Amino acid sequence: MGHVSMTSLFAADLPSADRAPQLRAALLAAAFTADGLLDLLGASAYAALARSETVPALRATRGDSPLDTLVRLFLLQRAVPAERAAAVLPLAECVADGWLTETAGEVRATVDVRPYGGPEGDDWFIVSDLGCAVGGAGGIGSREKGVVLGIGGASTTLAGITVREPVGSALDVGTGSGIQALHAAQHATRVTATDLNPRALEFTRLTLALSGAAPADLREGSLYEPVGAETFDLIVSNPPFVISPGARLTYRDGGMAGDDLCRTLVQQTGDRLNEGGFAHFLANWEHAEAEEWQDRLRAWVPAGCDAWIVQREVQDITQYAELWLRDSGDHRSDPAEYEARYDAWLDEFEARGTKGVGFGWITLRKSAAAAAGDASVVIEEWPHAVEQPLGPAVEAHFARQDYLREQDDAALLAAHFTLATEVVQEQVGLPGAEDPEHVVLRQNRGMRRATKVDAVGAGFAGVCDGSLPAGRILDAIAQLMNEDPVLLRDRTPQAIRLLVEEGFLEPLPPGGRVAE
């Protein structure tokens with residue numbers, strides 16, 4: 001489909017981006033930034049605002065500073081005297097362009113504008129519908145079909161796991177208020193953003209303009225329909241992944257049965273990625289009675305792609321229904337209506353044999369090895385804390401998969417390794433025992449994994465400084481432990497392979513070996 005015009009009837013109630021640079025300059029001059037908010041509100045009120053609780057922020061902005069005025073206008077959606085707004089903003093232009101309305105000497109914001117700190121200290125602004133700066137479990141309390149949310153936990157998670165290498169082209173599917181497109185604009189020559197909701201495309205236009213980013217190619221339509229057969233170096237999507245009975249809310253409900261929207265999006269990605277390109281998605285998936293969830297997701301991976309799928313959380317069907325009923329404010333509706341909606345959700349799950357719903361992220365990479373039938377597909381459950389941004393760790397994961405595909409056991413024993421940065425060893429056992437029951441290696445970076453190792457594994461990891469090949473290290477360990485070196489060399493490569501796969505050991509390139 002073609003570009004969405006600012007004359008679109010769907011955008012008639014939204015501001016114009018024509019003079020966004022002047023508004024941006026005024027916001028920055030008043031320190032209406034992520035850092036400025038934290039300084040003004042304090043940590044407690046700032047955190048409360050992220051939970052959609054406004055009372056602490058209202059109390060913290062009872063002054064008459066320029067920043068107080070802007071927070072009340074754009075974040076708390078309160079009316080302020082026109083003369084106060086005029087002292088901070090180009091008031092006439094903001095009213096003419098539709099950012100503010102003026103009535104009886106007071107002005108109000110027409111949209112929610114939230115400061116957002118970019119990865120390089122950039123001062124960005126996310127524009128969304130009033131009261132929708134934060135979605136998810138906090139509850140936006142809106143049942144408007146076309147409502148456009150601002151930034152929330154899901155948005156920042158997806159931005160954090162995305163690989164940020166310079167690319168020629170990037171695609172944001174289901175752009176919403178444009179957060180992912182804004183990130184992509186920093187390292188992609190060309191950004192395309194699509195959404196089924198035309199209002200979302202206009203919010204993306206506003207977000208990019210007010211953040212000082214280059215405009216994106218905005219296209220209306222579902223999933224990959226707006227881009228046809230075009231291919232991209234990077235694809236990102238925080239789709240309407242909620243598994244629900246019907247398509248009541250555009251921002252949330254996919255409109256397909258069960259998890260079919262997420263499955264379709266992932267399966268169709270292989271044809272849209274360029275060689276070496278990455279695709280990152282947030283998704284929900286069903287835990288069905290008749291199959292393992294890992295098998296379900298493995299069937300989603302398109303031909304020609306490697307995949308890393310991480311399940312972060314699982315909810316039973318009652319928890320899941322309650323979460324999203326609260327999200328849309330149904331828990332504050334008529335009790336009979338709430339019960340009917342809850343019942344419909346459970347009917348849907350019962351009919352599909354769904355016992356739970358998983359949430360997590362899916363990363364695909366187009367690779368020649370996968371196209372040749374040697375795809376790396378890793379599906380795991382990891383509910384523990386990780387270090388964001390995780391993009392560098394995601395890229396490193398696929399690099400390690402490439403390395404391991406090329407190494408047989410003999411090559412691993414001839415290779416040189418170093419222990420990854422900030423890996424520590426923990427010994428677990430009864431107090432006073434001569435030897436530990438087991439040893440744990442723990443990462444303090446990236447996925448922050450922990451893995452049990454035996455005495456050989458602990459000793460091997462402890463001396464990996466790149467100076468000796470793995471086989472010679474094992475020979476020395478065998479001599480110390482009075483073991484047969486041949487048997488030790490036979491049984492250890494699989495353990496080395498696992499330590500490399502999980503990022504505890506880093507292989508050195510042949511030309512980069514430390515001198516023996």
# chains A, B, ... in the order shown; residues from 1 in each chain; ligands from 1

$ residues_around --residues "Trp285 in chain A" --least-positions-apart "4" --cutoff "6 Å" --atoms "only C-alpha atoms" --output "list in words"
Asp259, Val357 and Gly358 of chain A

$ closest_atom_pairs --of "range 239-301 of chain A" --to "range 204-225 of chain A" --cutoff "10 Å" --atoms "only C-alpha atoms" --output "tab-separated table"
residue	atom	partner	partner_atom	distance
A:Pro239	CA	A:Leu223	CA	8.7
A:Gly254	CA	A:Ser222	CA	9.8
A:Leu261	CA	A:Leu223	CA	8.7
A:Cys262	CA	A:Leu223	CA	9.8
A:Thr264	CA	A:Leu223	CA	8.7
A:Leu265	CA	A:Leu223	CA	6.6
A:Gln268	CA	A:Tyr224	CA	7.9
A:Thr269	CA	A:Tyr224	CA	8.5
A:Arg272	CA	A:Tyr224	CA	8.4

$ write_last_selection --atoms "N, CA and C atoms" --output "CSV table (one decimal), in the first residue's frame"
chain,number,residue,atom,x,y,z
A,239,PRO,N,4.0,-7.4,18.1
A,239,PRO,CA,2.7,-7.5,17.5
A,239,PRO,C,1.6,-7.5,18.5
A,254,GLY,N,-4.9,-10.0,18.1
A,254,GLY,CA,-4.4,-10.2,16.7
A,254,GLY,C,-5.5,-10.5,15.7
A,261,LEU,N,-1.6,-15.6,14.9
A,261,LEU,CA,-1.0,-14.3,14.4
A,261,LEU,C,0.6,-14.4,14.5
A,262,CYS,N,1.0,-14.7,15.7
A,262,CYS,CA,2.4,-14.8,16.0
A,262,CYS,C,3.1,-15.9,15.1
A,264,THR,N,2.0,-17.0,12.2
A,264,THR,CA,2.1,-16.5,10.8
A,264,THR,C,3.2,-15.5,10.6
A,265,LEU,N,3.3,-14.6,11.5
A,265,LEU,CA,4.3,-13.5,11.4
A,265,LEU,C,5.7,-14.2,11.3
A,268,GLN,N,6.3,-16.3,8.0
A,268,GLN,CA,6.5,-15.6,6.8
A,268,GLN,C,7.7,-14.7,6.7
A,269,THR,N,8.5,-14.7,7.8
A,269,THR,CA,9.7,-13.9,7.9
A,269,THR,C,10.8,-14.3,7.0
A,272,ARG,N,11.3,-12.6,3.8
A,272,ARG,CA,11.5,-11.1,3.9
A,272,ARG,C,12.9,-10.7,4.4

$ closest_atom_pairs --of "range 287-309 of chain A" --to "range 379-396 of chain A" --cutoff "8 Å" --atoms "only C-alpha atoms" --output "JSON lines"
{"residue": "A:Gln294", "atom": "CA", "partner": "A:Ile379", "partner_atom": "CA", "distance": 6.4}
{"residue": "A:Leu297", "atom": "CA", "partner": "A:Ile379", "partner_atom": "CA", "distance": 8.0}
{"residue": "A:Arg298", "atom": "CA", "partner": "A:Ile379", "partner_atom": "CA", "distance": 7.7}
{"residue": "A:Ala307", "atom": "CA", "partner": "A:Ile379", "partner_atom": "CA", "distance": 7.9}
{"residue": "A:Trp308", "atom": "CA", "partner": "A:Ile379", "partner_atom": "CA", "distance": 6.0}
{"residue": "A:Ile309", "atom": "CA", "partner": "A:Ile379", "partner_atom": "CA", "distance": 4.7}

$ residues_around --residues "range 176-190 of chain A" --least-positions-apart "5" --cutoff "9 Å" --atoms "only C-alpha atoms" --output "number ranges by chain"
A: 118-119, 124, 126-129, 148-151, 155-156, 158-159, 164-171, 195, 197, 199-208, 211, 213-217, 233-234, 236-239, 251

$ write_last_selection --atoms "C-alpha atoms" --output "mmCIF file, in the first residue's frame"
data_model
loop_
_atom_site.group_PDB
_atom_site.id
_atom_site.type_symbol
_atom_site.label_atom_id
_atom_site.label_comp_id
_atom_site.auth_asym_id
_atom_site.auth_seq_id
_atom_site.Cartn_x
_atom_site.Cartn_y
_atom_site.Cartn_z
ATOM 1 C CA GLY A 118 17.920 6.702 23.823
ATOM 2 C CA PRO A 119 20.852 4.275 24.063
ATOM 3 C CA TRP A 124 13.582 11.276 22.510
ATOM 4 C CA ILE A 126 7.190 8.984 22.487
ATOM 5 C CA VAL A 127 3.786 10.303 21.412
ATOM 6 C CA SER A 128 0.663 8.262 22.145
ATOM 7 C CA ASP A 129 -2.997 8.576 23.043
ATOM 8 C CA VAL A 148 -2.384 3.735 20.405
ATOM 9 C CA LEU A 149 -0.179 2.930 23.380
ATOM 10 C CA GLY A 150 3.079 4.566 24.321
ATOM 11 C CA ILE A 151 6.136 2.918 25.749
ATOM 12 C CA SER A 155 8.575 -2.110 24.067
ATOM 13 C CA THR A 156 11.798 -1.654 26.000
ATOM 14 C CA LEU A 158 12.166 -5.701 22.346
ATOM 15 C CA ALA A 159 14.388 -2.653 21.840
ATOM 16 C CA ARG A 164 22.128 -2.881 16.602
ATOM 17 C CA GLU A 165 24.554 -3.229 13.720
ATOM 18 C CA PRO A 166 24.465 -0.688 10.849
ATOM 19 C CA VAL A 167 22.043 -1.949 8.184
ATOM 20 C CA GLY A 168 20.682 -0.712 4.896
ATOM 21 C CA SER A 169 17.023 -1.438 5.576
ATOM 22 C CA ALA A 170 14.830 -2.074 8.617
ATOM 23 C CA LEU A 171 11.155 -2.952 8.954
ATOM 24 C CA ASP A 195 0.476 -0.944 11.039
ATOM 25 C CA ASN A 197 -4.222 0.996 12.488
ATOM 26 C CA ARG A 199 -3.719 6.292 13.614
ATOM 27 C CA ALA A 200 -0.645 4.367 14.772
ATOM 28 C CA LEU A 201 1.216 5.417 11.645
ATOM 29 C CA GLU A 202 0.491 9.058 12.372
ATOM 30 C CA PHE A 203 1.679 8.645 15.957
ATOM 31 C CA THR A 204 4.882 7.127 14.579
ATOM 32 C CA ARG A 205 5.290 10.178 12.358
ATOM 33 C CA LEU A 206 4.932 12.415 15.437
ATOM 34 C CA THR A 207 7.323 10.351 17.551
ATOM 35 C CA LEU A 208 10.033 10.455 14.892
ATOM 36 C CA SER A 211 12.601 13.046 18.547
ATOM 37 C CA ALA A 213 14.849 11.381 13.781
ATOM 38 C CA ALA A 214 14.620 10.900 10.043
ATOM 39 C CA PRO A 215 11.111 10.148 8.755
ATOM 40 C CA ALA A 216 10.130 6.559 8.016
ATOM 41 C CA ASP A 217 8.268 5.057 5.082
ATOM 42 C CA ASP A 233 18.288 -6.514 6.796
ATOM 43 C CA LEU A 234 16.414 -6.106 10.095
ATOM 44 C CA VAL A 236 11.315 -6.074 14.452
ATOM 45 C CA SER A 237 7.793 -6.508 15.736
ATOM 46 C CA ASN A 238 5.906 -6.136 18.995
ATOM 47 C CA PRO A 239 2.690 -7.469 17.455
ATOM 48 C CA TYR A 251 -3.274 -2.724 19.830
#

$ closest_residue --among "A:Leu27, A:Ala461, A:Ala410, A:Ala340" --to "Gln425 in chain A" --atoms "only C-alpha atoms"
A:Ala461

$ select_by_dssp --residues "range 324-466 of chain A" --states "strand (DSSP E)" --output "PyMOL selection string"
chain A and resi 354-366+377-381+416-419+423-428+438-443+450-453+465-466

$ write_last_selection --atoms "N, CA, C and O atoms" --output "compact mmCIF listing (two decimals), in the first residue's frame"
# COMPACT_ATOMS: atom_id res chain seq x y z
N THR A 354 -6.14 -25.52 25.40
CA THR A 354 -5.03 -24.72 25.90
C THR A 354 -5.00 -24.76 27.42
O THR A 354 -5.99 -24.45 28.07
N LYS A 355 -3.85 -25.12 27.98
CA LYS A 355 -3.72 -25.19 29.43
C LYS A 355 -2.90 -24.05 30.01
O LYS A 355 -2.90 -23.81 31.22
N GLY A 356 -2.18 -23.34 29.17
CA GLY A 356 -1.38 -22.22 29.63
C GLY A 356 -0.90 -21.41 28.44
O GLY A 356 -1.07 -21.81 27.28
N VAL A 357 -0.30 -20.25 28.73
CA VAL A 357 0.21 -19.38 27.68
C VAL A 357 1.64 -18.96 28.04
O VAL A 357 1.90 -18.51 29.16
N GLY A 358 2.55 -19.13 27.09
CA GLY A 358 3.92 -18.72 27.28
C GLY A 358 4.17 -17.37 26.65
O GLY A 358 3.53 -17.00 25.66
N PHE A 359 5.09 -16.63 27.23
CA PHE A 359 5.51 -15.34 26.70
C PHE A 359 7.02 -15.32 26.59
O PHE A 359 7.73 -15.83 27.47
N GLY A 360 7.52 -14.72 25.52
CA GLY A 360 8.96 -14.62 25.39
C GLY A 360 9.35 -13.93 24.11
O GLY A 360 8.54 -13.21 23.51
N TRP A 361 10.60 -14.13 23.72
CA TRP A 361 11.07 -13.48 22.51
C TRP A 361 11.59 -14.52 21.54
O TRP A 361 12.06 -15.60 21.89
N ILE A 362 11.49 -14.16 20.26
CA ILE A 362 11.92 -15.02 19.16
C ILE A 362 12.88 -14.23 18.29
O ILE A 362 12.54 -13.12 17.85
N THR A 363 14.07 -14.77 18.06
CA THR A 363 15.02 -14.15 17.15
C THR A 363 15.34 -15.12 16.02
O THR A 363 15.64 -16.29 16.26
N LEU A 364 15.25 -14.63 14.81
CA LEU A 364 15.62 -15.39 13.62
C LEU A 364 16.81 -14.73 12.94
O LEU A 364 16.97 -13.51 13.02
N ARG A 365 17.64 -15.55 12.28
CA ARG A 365 18.71 -15.02 11.45
C ARG A 365 18.78 -15.83 10.17
O ARG A 365 18.82 -17.06 10.20
N LYS A 366 18.76 -15.14 9.06
CA LYS A 366 18.87 -15.82 7.76
C LYS A 366 20.33 -16.23 7.56
O LYS A 366 21.24 -15.40 7.67
N VAL A 377 18.63 -24.27 15.86
CA VAL A 377 17.38 -23.86 16.49
C VAL A 377 17.48 -24.15 17.98
O VAL A 377 17.52 -25.32 18.39
N VAL A 378 17.59 -23.12 18.78
CA VAL A 378 17.70 -23.25 20.24
C VAL A 378 16.41 -22.73 20.86
O VAL A 378 16.04 -21.57 20.65
N ILE A 379 15.73 -23.59 21.61
CA ILE A 379 14.48 -23.21 22.28
C ILE A 379 14.65 -23.53 23.76
O ILE A 379 14.93 -24.67 24.13
N GLU A 380 14.52 -22.53 24.59
CA GLU A 380 14.80 -22.73 26.01
C GLU A 380 13.88 -21.89 26.88
O GLU A 380 13.25 -20.93 26.42
N GLU A 381 13.84 -22.25 28.14
CA GLU A 381 13.09 -21.49 29.15
C GLU A 381 14.10 -20.78 30.05
O GLU A 381 15.00 -21.42 30.60
N HIS A 416 41.91 -22.89 21.01
CA HIS A 416 42.28 -22.14 22.21
C HIS A 416 41.05 -21.37 22.70
O HIS A 416 40.32 -20.79 21.89
N PHE A 417 40.84 -21.34 24.01
CA PHE A 417 39.69 -20.67 24.59
C PHE A 417 40.11 -19.74 25.72
O PHE A 417 41.14 -19.95 26.37
N THR A 418 39.28 -18.73 25.95
CA THR A 418 39.43 -17.90 27.15
C THR A 418 38.12 -17.92 27.91
O THR A 418 37.04 -18.10 27.32
N LEU A 419 38.20 -17.75 29.22
CA LEU A 419 36.99 -17.65 30.04
C LEU A 419 36.33 -16.30 29.78
O LEU A 419 37.00 -15.27 29.72
N VAL A 423 32.83 -14.12 34.62
CA VAL A 423 32.35 -15.45 35.04
C VAL A 423 33.00 -15.76 36.38
O VAL A 423 34.22 -15.62 36.55
N VAL A 424 32.19 -16.17 37.35
CA VAL A 424 32.71 -16.51 38.66
C VAL A 424 32.40 -17.97 38.97
O VAL A 424 31.48 -18.56 38.39
N GLN A 425 33.16 -18.54 39.89
CA GLN A 425 32.96 -19.93 40.30
C GLN A 425 32.41 -19.96 41.71
O GLN A 425 32.88 -19.25 42.59
N GLU A 426 31.36 -20.78 41.91
CA GLU A 426 30.78 -20.96 43.24
C GLU A 426 30.89 -22.44 43.61
O GLU A 426 30.57 -23.31 42.80
N GLN A 427 31.34 -22.71 44.82
CA GLN A 427 31.41 -24.08 45.31
C GLN A 427 30.26 -24.32 46.28
O GLN A 427 30.06 -23.53 47.20
N VAL A 428 29.52 -25.39 46.04
CA VAL A 428 28.33 -25.68 46.83
C VAL A 428 28.54 -26.99 47.57
O VAL A 428 28.91 -28.01 46.97
N HIS A 438 29.19 -29.83 44.40
CA HIS A 438 29.32 -29.49 42.99
C HIS A 438 29.82 -28.06 42.86
O HIS A 438 29.82 -27.29 43.82
N VAL A 439 30.26 -27.73 41.65
CA VAL A 439 30.78 -26.40 41.34
C VAL A 439 29.85 -25.76 40.32
O VAL A 439 29.39 -26.41 39.38
N VAL A 440 29.57 -24.46 40.51
CA VAL A 440 28.71 -23.71 39.60
C VAL A 440 29.52 -22.59 38.98
O VAL A 440 30.21 -21.84 39.68
N LEU A 441 29.46 -22.49 37.65
CA LEU A 441 29.98 -21.32 36.96
C LEU A 441 28.82 -20.36 36.71
O LEU A 441 27.76 -20.78 36.23
N ARG A 442 29.02 -19.10 37.02
CA ARG A 442 27.93 -18.12 36.91
C ARG A 442 28.40 -16.88 36.13
O ARG A 442 29.47 -16.33 36.40
N GLN A 443 27.57 -16.47 35.18
CA GLN A 443 27.84 -15.26 34.42
C GLN A 443 27.22 -14.05 35.11
O GLN A 443 26.11 -14.14 35.65
N ALA A 450 23.87 -19.77 34.76
CA ALA A 450 24.64 -20.55 35.72
C ALA A 450 24.59 -22.01 35.26
O ALA A 450 23.56 -22.47 34.76
N THR A 451 25.70 -22.71 35.41
CA THR A 451 25.74 -24.12 35.00
C THR A 451 26.62 -24.91 35.95
O THR A 451 27.65 -24.43 36.42
N LYS A 452 26.18 -26.13 36.26
CA LYS A 452 26.98 -27.04 37.08
C LYS A 452 28.09 -27.64 36.24
O LYS A 452 27.88 -27.99 35.07
N VAL A 453 29.26 -27.77 36.83
CA VAL A 453 30.38 -28.45 36.16
C VAL A 453 31.02 -29.42 37.14
O VAL A 453 30.95 -29.23 38.37
N ASP A 465 43.12 -19.45 29.41
CA ASP A 465 43.56 -18.07 29.18
C ASP A 465 44.04 -17.88 27.75
O ASP A 465 44.64 -16.85 27.42
N GLY A 466 43.79 -18.85 26.88
CA GLY A 466 44.16 -18.74 25.49
C GLY A 466 45.56 -19.20 25.16
O GLY A 466 45.95 -19.26 23.98

$ residues_around --residues "Gln77 in chain A" --least-positions-apart "4" --cutoff "7 Å" --atoms "only C-alpha atoms" --output "list in words"
Arg72, Leu73, Arg108 and Ala109 of chain A

$ atom_distance --atom1 "CA of Gln494 in chain A" --atom2 "CA of Leu480 in chain A"
21.2 Å

$ select_by_dssp --residues "range 26-111 of chain A" --states "alpha helix (DSSP H)" --output "VMD selection string"
chain A and resid 26 to 29 34 to 50 55 to 60 66 to 70 82 to 86 91 to 97

$ write_last_selection --atoms "C-alpha atoms" --output "mmCIF file, in the first residue's frame"
data_model
loop_
_atom_site.group_PDB
_atom_site.id
_atom_site.type_symbol
_atom_site.label_atom_id
_atom_site.label_comp_id
_atom_site.auth_asym_id
_atom_site.auth_seq_id
_atom_site.Cartn_x
_atom_site.Cartn_y
_atom_site.Cartn_z
ATOM 1 C CA ALA A 26 11.064 24.176 23.777
ATOM 2 C CA LEU A 27 10.792 20.821 25.547
ATOM 3 C CA LEU A 28 14.560 20.419 25.712
ATOM 4 C CA ALA A 29 15.047 23.986 26.931
ATOM 5 C CA ALA A 34 14.106 11.393 31.039
ATOM 6 C CA ASP A 35 16.886 12.719 33.287
ATOM 7 C CA GLY A 36 15.006 15.937 33.963
ATOM 8 C CA LEU A 37 11.902 13.986 35.013
ATOM 9 C CA LEU A 38 13.877 11.846 37.425
ATOM 10 C CA ASP A 39 15.484 14.931 38.973
ATOM 11 C CA LEU A 40 12.132 16.670 39.365
ATOM 12 C CA LEU A 41 9.955 13.789 40.538
ATOM 13 C CA GLY A 42 12.446 11.697 42.493
ATOM 14 C CA ALA A 43 12.842 7.955 42.152
ATOM 15 C CA SER A 44 9.642 7.013 43.984
ATOM 16 C CA ALA A 45 7.250 9.254 42.032
ATOM 17 C CA TYR A 46 9.077 8.456 38.780
ATOM 18 C CA ALA A 47 8.618 4.716 39.361
ATOM 19 C CA ALA A 48 4.967 5.236 40.328
ATOM 20 C CA LEU A 49 4.350 7.079 37.061
ATOM 21 C CA ALA A 50 5.664 4.048 35.181
ATOM 22 C CA VAL A 55 -0.700 11.026 42.546
ATOM 23 C CA PRO A 56 2.992 11.149 43.581
ATOM 24 C CA ALA A 57 3.868 13.025 40.376
ATOM 25 C CA LEU A 58 1.004 15.473 40.919
ATOM 26 C CA ARG A 59 2.341 16.215 44.378
ATOM 27 C CA ALA A 60 5.859 16.680 43.025
ATOM 28 C CA PRO A 66 8.611 25.274 33.238
ATOM 29 C CA LEU A 67 9.206 21.581 33.880
ATOM 30 C CA ASP A 68 6.281 21.388 36.332
ATOM 31 C CA THR A 69 4.072 22.879 33.631
ATOM 32 C CA LEU A 70 5.152 20.424 30.939
ATOM 33 C CA ALA A 82 -2.572 29.578 29.257
ATOM 34 C CA GLU A 83 -0.086 32.172 30.471
ATOM 35 C CA ARG A 84 1.991 29.455 32.165
ATOM 36 C CA ALA A 85 2.024 27.370 28.977
ATOM 37 C CA ALA A 86 2.932 30.426 26.891
ATOM 38 C CA LEU A 91 1.569 28.422 22.466
ATOM 39 C CA ALA A 92 -0.081 29.802 19.336
ATOM 40 C CA GLU A 93 1.763 27.304 17.130
ATOM 41 C CA CYS A 94 1.039 24.380 19.464
ATOM 42 C CA VAL A 95 -2.676 25.206 19.430
ATOM 43 C CA ALA A 96 -2.733 25.771 15.667
ATOM 44 C CA ASP A 97 -0.908 22.489 15.026
#

$ residues_around --residues "Tyr342 in chain A" --least-positions-apart "5" --cutoff "9 Å" --atoms "only C-alpha atoms" --output "list in words"
Thr318, Ala321, Glu322, Leu325, Glu337 and Asp347 of chain A

$ write_last_selection --atoms "C-alpha atoms" --output "PDB file, in the first residue's frame"
ATOM      1  CA  THR A 318      -7.118 -17.993  34.451  1.00  0.00           C
ATOM      2  CA  ALA A 321      -7.492 -13.940  31.151  1.00  0.00           C
ATOM      3  CA  GLU A 322      -7.447 -11.826  34.317  1.00  0.00           C
ATOM      4  CA  LEU A 325      -9.239  -8.109  31.384  1.00  0.00           C
ATOM      5  CA  GLU A 337     -20.258  -8.039  31.716  1.00  0.00           C
ATOM      6  CA  ASP A 347     -14.486 -21.131  26.609  1.00  0.00           C
TER       7      ASP A 347
END

$ atom_distance --atom1 "CA of Glu406 in chain A" --atom2 "CA of Glu502 in chain A"
16.7 Å

$ closest_residue --among "A:Pro245, A:Gly258, A:Gly105, A:Gly131" --to "Thr54 in chain A" --atoms "only C-alpha atoms"
A:Gly131
